[in-house]
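For reference, the structure discussed in these notes is given below.
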Amino acid sequence: MTAPEALETPYQPPRIFGPRYRTATLGILLVVTLVAFEGMSVGVAMPAIADELDALNLYGISFSAFLIASLFANVVAGLWSDRRGYPLPFMTGVMLFVVGMALAGAATSAVMFLVARAVQGMGAGATIVALYVMIARVYPVESRPKAFAAISAAWVVPAMVGPAVAGFVAENWGWRFVFYGIIPLVVPALVMLVPALRQPSSPDEAPSRGPRSRPVAMTLAATAAAAGAGVLLHGIDRLHLHPVTGAVETAAGLASLSYGLFRLLPPRALRFGRGLPTTVMMRGFFSASFFGVNSFIPLALQEVKGFDLSSAGIALTTGALGWSAGSYLQSRKEGEAHLRIRLGMGCIAVAILLCLLAVLPGVSGWIAAPAWVIAGFGMGFGMTTVSITALKQSPVNEQGANSASLSVTDMLGSALAIGIGGALVNLIGHSSAEIATGFVVISILMATIALSGAVLAGRTR
């Protein structure tokens, strides 16, 4: 007689907090938490920074400088990750981020602060792309949705305490310590990520040989896109003061940006081709519509409704809570990706239209808080789906390039939306009533972008 065969046990995907992946997961989450805290802190502290450095007219471009620099770093880091692996671009990005934080804390002029924001952006852009590739290379396919959900959840703690802490620090110790306080926390994150950074690439991870793998061409394209975005925003901001030169700058910037994007994004992306091309473009729609309003909420609540720094940040806190809930839900439920993306876009559009009521006479500014829970849910549910879908649609040796493309549309969408929003604020005016009007105009524009994304979501299939 022979012994009975052992019953086959059902396959259990590895847990991201299990023994094998726990340290890497914790290190990734800490890095994301630091980047998130920086984003939340700057949003709340920017009105105080603008007052001290006399830079209210640069309110929007201070965010855009970070994002445009990130766009450039996204491409270079993605290309670097595909050809040489993710460890070196990750370490370079972290170091640049730290240097940028130190420069921002030491800024004595608006120009120096803008330079610091650009350095931070380069660091954050390289770091995030390298983390995406790290997830694709370190975690098995079935564990990636939970890894991305955990990344979204990492925004919860800084979103819950970040605005209040940043407001308290800015009011009592000065806004400079908002930046200085993040720097020491980088060390434990790097220590926890040492095993993941040492993990060798798989044998089948051959370098990409496609058109987006050429270092010189891609670097030139990234330069053209970043420079074009900067010139475009500068031209738009000058249109009301210098129509002729502003129009020339706008046209030149748009041409340079289009040239760069044509080479940076997957083929047919600018025409919203079905599948990966439109999936990549959806990232930009999410970022533009959400952050195009999110960045101006503290300014609107402080200048129009008289909120203090800490109170104005609560709407950002509630948004991140909704973001985490949406990301968690998408990781637990199955469904068609295009329907999830459409739902996420719809939530953002509805939330923006509710949020604009916060600056109207007779309406409490606190309506922004529940509105931004809905917006955050849409981002968590839809944007995480975009990231997962894009990785599924990407060959292994193009994961870095397509992760970079996601970040390019992400950063570009945010940069253009915030920059245009800042130009609208400068055009309409800086009094309380004029800022309220500008916020309403910005909100309507961003809601239109979200609704357009909902319509185009079907082309991600």
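Scheme for the structure tokens: letters A, B, ... for chains in order shown; per-chain residue numbers from 1; ligand numbers from 1 in order shown.
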- Message: I want to know what sits within 9 Å of range 240-253 of chain A, based on only C-alpha atoms, with residues of the same chain fewer than 3 positions away left out; could you give that as a ChimeraX atom specification?
- Response: /A:224-225,227-237,256-258,427
Per residue of range 16-98 of chain A within 8 Å of range 118-136 of chain A, record the nearest atom pair and its distance in Å to one decimal, counting only C-alpha atoms, with rows in chain order and ascending residue number, as CSV.
residue,atom,partner,partner_atom,distance
A:Ile28,CA,A:Leu131,CA,7.1
A:Val32,CA,A:Ile128,CA,7.9
A:Val35,CA,A:Ala124,CA,6.9
A:Ala65,CA,A:Ala118,CA,5.2
A:Phe66,CA,A:Gly121,CA,4.1
A:Leu67,CA,A:Gly121,CA,5.8
A:Ile68,CA,A:Gly121,CA,7.4
A:Ala69,CA,A:Met122,CA,5.0
A:Ser70,CA,A:Gly125,CA,4.2
A:Leu71,CA,A:Gly125,CA,6.6
A:Phe72,CA,A:Met122,CA,7.1
A:Ala73,CA,A:Met122,CA,5.1
A:Asn74,CA,A:Gly125,CA,5.0
A:Val76,CA,A:Ala126,CA,7.6
A:Ala77,CA,A:Ala126,CA,5.1
A:Gly78,CA,A:Val129,CA,6.1
A:Ser81,CA,A:Ala130,CA,6.6
A:Tyr86,CA,A:Ala130,CA,5.2
A:Pro87,CA,A:Ala130,CA,7.4
A:Pro89,CA,A:Ala126,CA,6.2
A:Phe90,CA,A:Thr127,CA,4.8
A:Met91,CA,A:Thr127,CA,7.5
A:Thr92,CA,A:Gly123,CA,7.1
A:Gly93,CA,A:Gly123,CA,3.9
A:Val94,CA,A:Gly123,CA,5.7
A:Met95,CA,A:Gly123,CA,6.9
A:Leu96,CA,A:Gly123,CA,4.4
A:Phe97,CA,A:Gly123,CA,4.2
A:Val98,CA,A:Gln120,CA,7.3
- Write out as a PyMOL selection string which residues come within 9 Å of Gly43 in chain A when counting only C-alpha atoms, dropping same-chain ones fewer than 4 positions away. chain A and resi 38-39+47+63+163+294-299+313+316
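In terms of minimum interatomic distance to Phe290 in chain A, A:Ile444 ranks closest within A:Ala325, A:Ala255, A:Ala116, A:Ile444, counting only C-alpha atoms.
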- Message: Report as number ranges by chain all protein, DNA and RNA residues lying within 6 Å of range 410-421 of chain A, evaluated on only C-alpha atoms, omitting residues in the same chain fewer than 4 positions from it.
- Response: A: 60-61, 64, 67, 71, 233, 283-284, 287-288, 291-292, 442
Please produce a file of the residues just selected, as a PDB file, in the first residue's frame, where the atoms kept are N, CA, C and O atoms.
ATOM      1  N   GLY A  60       1.154  79.964  -6.668  1.00  0.00           N
ATOM      2  CA  GLY A  60       0.949  78.791  -7.510  1.00  0.00           C
ATOM      3  C   GLY A  60       2.238  78.222  -8.056  1.00  0.00           C
ATOM      4  O   GLY A  60       2.453  77.002  -8.072  1.00  0.00           O
ATOM      5  N   ILE A  61       3.162  79.103  -8.490  1.00  0.00           N
ATOM      6  CA  ILE A  61       4.385  78.614  -9.124  1.00  0.00           C
ATOM      7  C   ILE A  61       5.303  77.931  -8.132  1.00  0.00           C
ATOM      8  O   ILE A  61       6.145  77.121  -8.510  1.00  0.00           O
ATOM      9  N   SER A  64       4.241  74.540  -8.494  1.00  0.00           N
ATOM     10  CA  SER A  64       4.563  74.069  -9.845  1.00  0.00           C
ATOM     11  C   SER A  64       6.054  73.820 -10.012  1.00  0.00           C
ATOM     12  O   SER A  64       6.456  72.911 -10.743  1.00  0.00           O
ATOM     13  N   LEU A  67       6.731  70.412  -8.880  1.00  0.00           N
ATOM     14  CA  LEU A  67       6.157  69.390  -9.753  1.00  0.00           C
ATOM     15  C   LEU A  67       6.866  69.301 -11.094  1.00  0.00           C
ATOM     16  O   LEU A  67       7.062  68.208 -11.634  1.00  0.00           O
ATOM     17  N   LEU A  71       8.832  66.147 -12.684  1.00  0.00           N
ATOM     18  CA  LEU A  71       8.585  65.592 -14.009  1.00  0.00           C
ATOM     19  C   LEU A  71       9.898  65.178 -14.665  1.00  0.00           C
ATOM     20  O   LEU A  71      10.025  64.069 -15.197  1.00  0.00           O
ATOM     21  N   LEU A 233       3.626  78.119 -18.223  1.00  0.00           N
ATOM     22  CA  LEU A 233       2.993  78.706 -17.039  1.00  0.00           C
ATOM     23  C   LEU A 233       3.414  80.157 -16.842  1.00  0.00           C
ATOM     24  O   LEU A 233       2.595  81.005 -16.463  1.00  0.00           O
ATOM     25  N   ARG A 283      -3.908  59.332 -15.137  1.00  0.00           N
ATOM     26  CA  ARG A 283      -3.199  59.787 -13.941  1.00  0.00           C
ATOM     27  C   ARG A 283      -3.149  61.313 -13.904  1.00  0.00           C
ATOM     28  O   ARG A 283      -3.311  61.931 -12.851  1.00  0.00           O
ATOM     29  N   GLY A 284      -2.928  61.926 -15.072  1.00  0.00           N
ATOM     30  CA  GLY A 284      -2.891  63.376 -15.138  1.00  0.00           C
ATOM     31  C   GLY A 284      -4.238  64.016 -14.867  1.00  0.00           C
ATOM     32  O   GLY A 284      -4.316  65.076 -14.215  1.00  0.00           O
ATOM     33  N   SER A 287      -4.771  63.934 -11.039  1.00  0.00           N
ATOM     34  CA  SER A 287      -3.935  64.890 -10.317  1.00  0.00           C
ATOM     35  C   SER A 287      -4.349  66.329 -10.581  1.00  0.00           C
ATOM     36  O   SER A 287      -4.380  67.155  -9.665  1.00  0.00           O
ATOM     37  N   ALA A 288      -4.644  66.645 -11.836  1.00  0.00           N
ATOM     38  CA  ALA A 288      -5.018  68.021 -12.175  1.00  0.00           C
ATOM     39  C   ALA A 288      -6.279  68.443 -11.445  1.00  0.00           C
ATOM     40  O   ALA A 288      -6.330  69.512 -10.818  1.00  0.00           O
ATOM     41  N   PHE A 291      -5.578  68.162  -7.207  1.00  0.00           N
ATOM     42  CA  PHE A 291      -4.601  69.077  -6.632  1.00  0.00           C
ATOM     43  C   PHE A 291      -4.786  70.511  -7.128  1.00  0.00           C
ATOM     44  O   PHE A 291      -4.330  71.450  -6.468  1.00  0.00           O
ATOM     45  N   GLY A 292      -5.437  70.664  -8.273  1.00  0.00           N
ATOM     46  CA  GLY A 292      -5.730  72.009  -8.740  1.00  0.00           C
ATOM     47  C   GLY A 292      -6.651  72.766  -7.806  1.00  0.00           C
ATOM     48  O   GLY A 292      -6.649  73.999  -7.776  1.00  0.00           O
ATOM     49  N   ILE A 442     -11.521  78.514 -10.402  1.00  0.00           N
ATOM     50  CA  ILE A 442     -10.614  77.357 -10.404  1.00  0.00           C
ATOM     51  C   ILE A 442     -11.401  76.061 -10.201  1.00  0.00           C
ATOM     52  O   ILE A 442     -11.173  75.057 -10.893  1.00  0.00           O
TER      53      ILE A 442
END
- Query: Pick from A:Val115, A:Val138, A:Ala300, A:Ala106: nearest to Arg22 in chain A, with only C-alpha atoms counted?
  - Reply: A:Val138
- Straight-line distance linking CA of Val191 in chain A with CA of Met383 in chain A, stated in Å to one decimal: 29.3 Å
- Message: Give me, as a PyMOL selection string, all polymer residues having an atom no more than 12 Å from Met345 in chain A, counting only C-alpha atoms and skipping those fewer than 5 positions away in the same chain.
- Response: chain A and resi 282-290+338-340+350-352+374-383+385-386+446-458
- Closest of A:Leu343, A:Val425, A:Thr437, A:Arg459 to Thr279 in chain A - atom-to-atom distances counting only C-alpha atoms: A:Arg459
- Item | Two-atom distance - CA of Arg83 in chain A, CA of Ala222 in chain A (Å) | 16.9 Å
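The spacing separating CA of Pro277 in chain A from CA of Ser443 in chain A amounts to 27.0 Å.
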- A:Ser405, A:Asn426, A:Gln393, A:Ser387 ranked by distance to Ser327 in chain A, top pick (using only C-alpha atoms): A:Ser387
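Distances to Tyr59 in chain A were evaluated for A:Leu270, A:Ala423, A:Ile428, A:Ala164 using only C-alpha atoms, and the minimum falls at A:Ala423.
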Need the shell around Ser432 in chain A: protein/DNA/RNA residues with any atom at most 10 Å away, counting only C-alpha atoms. Skip same-chain ones fewer than 6 positions apart. Format as a tab-separated table (two decimals) with N, CA and C atoms, in the first residue's frame?
chain	number	residue	atom	x	y	z
A	299	LEU	N	-5.47	78.62	1.30
A	299	LEU	CA	-5.46	80.04	0.98
A	299	LEU	C	-6.87	80.61	1.02
A	300	ALA	N	-7.82	79.89	0.41
A	300	ALA	CA	-9.20	80.39	0.36
A	300	ALA	C	-9.81	80.46	1.76
A	301	LEU	N	-9.61	79.42	2.56
A	301	LEU	CA	-10.22	79.41	3.90
A	301	LEU	C	-9.59	80.46	4.81
A	302	GLN	N	-8.29	80.69	4.68
A	302	GLN	CA	-7.64	81.69	5.52
A	302	GLN	C	-8.00	83.11	5.09
A	303	GLU	N	-7.95	83.38	3.79
A	303	GLU	CA	-8.15	84.74	3.31
A	303	GLU	C	-9.63	85.14	3.22
A	304	VAL	N	-10.50	84.17	2.98
A	304	VAL	CA	-11.92	84.48	2.78
A	304	VAL	C	-12.72	84.26	4.06
A	305	LYS	N	-12.45	83.15	4.76
A	305	LYS	CA	-13.25	82.80	5.94
A	305	LYS	C	-12.53	83.05	7.26
A	306	GLY	N	-11.28	83.51	7.20
A	306	GLY	CA	-10.57	83.87	8.43
A	306	GLY	C	-10.09	82.70	9.25
A	359	VAL	N	-16.57	79.16	-0.05
A	359	VAL	CA	-16.17	80.57	-0.07
A	359	VAL	C	-17.35	81.50	-0.35
A	438	GLY	N	-11.77	83.85	-7.51
A	438	GLY	CA	-10.77	83.01	-8.16
A	438	GLY	C	-10.93	81.55	-7.79
